[in-house]
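Below is one structure, written out as structure tokens; the observations come after it.
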Amino acid sequence: VTYKKQRNDTVLKVEFHSQFAQNVRYKCNEYFVQFDGQECTQPAPIVTTLYMEKYSSNHWGTAPPGELSGFCNATSQGQLLSGPLAVSILINDRCSGGNAYTGKLSTGRVTSYLLIEEYCV
């Protein structure tokens with residue numbers, strides 16, 4: 001999604017809420033945020049890890065609600081300046097080769113959303 005940052009002297013808060021599911025037993029995935037293709041460095045990367053132990057071959061098992069949230073004011077490319085920023089929620093298998101999904105077992109209601117807020121510091 002593209003977010004238009006209003007000012008140079010602000011910090012962004014990003015929240016992603018969804019159902020997180022994993023269909024590989026004893027594996028995990030990281031969910032993380034990028035700004036214009038770069039992870040946050042200041043104050044820290046915005047990341048969460050999903051590890052699923054229980055899984056049966058004929059059922060997805062649980063799909064617990066998950067949240068990914070944090071603040072960012074800079075990436076390795078420098079401070080997040082005013083103007084359009086591409087904000088991405090990504091999933092990788094850095095921790096143990098999992099196979100994660102979001103919004104699985106949805107009931108037809110809104111189960112996932114992304115919230116971006118700008119705060120003065």
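Residues in the structure tokens are named by chain (A, B, ... in the order shown) and by number from 1 within that chain; ligands are numbered from 1 in the order shown.
Look at Thr10 in chain A: the protein and nucleic acid residues within 10 Å of it, using only C-alpha atoms and passing over chain neighbours fewer than 5 places away, are Lys5, Cys72, Asn73, Gln79, Leu80, Leu81, Ser82, Glu117, Glu118, Tyr119, Cys120 and Val121 of chain A.
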**Complete:** CA of Glu67 in chain A sits from CA of Phe16 in chain A at a separation of 5.6 Å
Surrounding residues of Gly37 in chain A excluding itself and chain neighbours under 2 positions, 9 Å, only C-alpha atoms, as a PDB file with N, CA, C and O atoms, in the first residue's frame:
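Okay, selection-v2.pdb is ready:
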```pdb
ATOM      1  N   VAL A  33       7.643  -5.727   8.237  1.00  0.00           N
ATOM      2  CA  VAL A  33       7.223  -4.546   7.489  1.00  0.00           C
ATOM      3  C   VAL A  33       8.418  -3.954   6.752  1.00  0.00           C
ATOM      4  O   VAL A  33       9.523  -3.897   7.304  1.00  0.00           O
ATOM      5  N   GLN A  34       8.190  -3.520   5.527  1.00  0.00           N
ATOM      6  CA  GLN A  34       9.203  -2.786   4.772  1.00  0.00           C
ATOM      7  C   GLN A  34       8.617  -1.454   4.310  1.00  0.00           C
ATOM      8  O   GLN A  34       7.422  -1.359   4.031  1.00  0.00           O
ATOM      9  N   PHE A  35       9.489  -0.464   4.229  1.00  0.00           N
ATOM     10  CA  PHE A  35       9.160   0.862   3.716  1.00  0.00           C
ATOM     11  C   PHE A  35      10.027   1.095   2.495  1.00  0.00           C
ATOM     12  O   PHE A  35      11.257   1.082   2.610  1.00  0.00           O
ATOM     13  N   GLU A  39      13.707  -2.659   5.488  1.00  0.00           N
ATOM     14  CA  GLU A  39      13.206  -2.838   6.847  1.00  0.00           C
ATOM     15  C   GLU A  39      13.590  -1.642   7.704  1.00  0.00           C
ATOM     16  O   GLU A  39      14.593  -0.974   7.458  1.00  0.00           O
ATOM     17  N   ALA A  86       5.995   3.303  -0.027  1.00  0.00           N
ATOM     18  CA  ALA A  86       5.412   1.983  -0.231  1.00  0.00           C
ATOM     19  C   ALA A  86       5.594   1.194   1.066  1.00  0.00           C
ATOM     20  O   ALA A  86       6.719   0.972   1.509  1.00  0.00           O
ATOM     21  N   VAL A  87       4.480   0.809   1.684  1.00  0.00           N
ATOM     22  CA  VAL A  87       4.515   0.040   2.930  1.00  0.00           C
ATOM     23  C   VAL A  87       4.066  -1.376   2.610  1.00  0.00           C
ATOM     24  O   VAL A  87       2.974  -1.585   2.072  1.00  0.00           O
ATOM     25  N   SER A  88       4.917  -2.346   2.929  1.00  0.00           N
ATOM     26  CA  SER A  88       4.640  -3.749   2.597  1.00  0.00           C
ATOM     27  C   SER A  88       4.687  -4.620   3.839  1.00  0.00           C
ATOM     28  O   SER A  88       5.556  -4.443   4.693  1.00  0.00           O
TER      29      SER A  88
END
```
**Request:** Name the residues in contact with Val14 in chain A at a cut-off of 6 Å, using only C-alpha atoms, excluding same-chain residues fewer than 2 positions from it; report them as a list of chain:residue names.
**Result:**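 Here the qualifying residues turn out to be A:Ser69, A:Gly70, A:Leu115, A:Ile116.
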For N, CA and C atoms, I'd like the residues from the last selection saved as a PDB file, in the first residue's frame.
```pdb
ATOM      1  N   SER A  69       3.097  -5.027  14.959  1.00  0.00           N
ATOM      2  CA  SER A  69       3.014  -3.582  15.169  1.00  0.00           C
ATOM      3  C   SER A  69       4.344  -3.027  15.644  1.00  0.00           C
ATOM      4  N   GLY A  70       4.543  -1.763  15.341  1.00  0.00           N
ATOM      5  CA  GLY A  70       5.754  -1.076  15.781  1.00  0.00           C
ATOM      6  C   GLY A  70       5.851   0.308  15.182  1.00  0.00           C
ATOM      7  N   LEU A 115      -3.191  -0.663   9.588  1.00  0.00           N
ATOM      8  CA  LEU A 115      -3.381   0.688  10.098  1.00  0.00           C
ATOM      9  C   LEU A 115      -2.031   1.383  10.115  1.00  0.00           C
ATOM     10  N   ILE A 116      -1.953   2.569   9.511  1.00  0.00           N
ATOM     11  CA  ILE A 116      -0.727   3.375   9.508  1.00  0.00           C
ATOM     12  C   ILE A 116      -1.074   4.727  10.080  1.00  0.00           C
TER      13      ILE A 116
END
```
**Asked** Which one of A:Leu85, A:Leu12, A:Asp36, A:Tyr31 sits closest to Phe71 in chain A if you count only C-alpha atoms?
**Response**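 Residue with the minimum atom-to-atom distance to Phe71 in chain A: A:Leu12.
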**Message:** Just want the 7 Å neighbourhood of Pro65 in chain A, counted on only C-alpha atoms, with same-chain residues fewer than 3 positions away dropped. Output as a PyMOL selection string.
**Reply:** chain A and resi 18-20
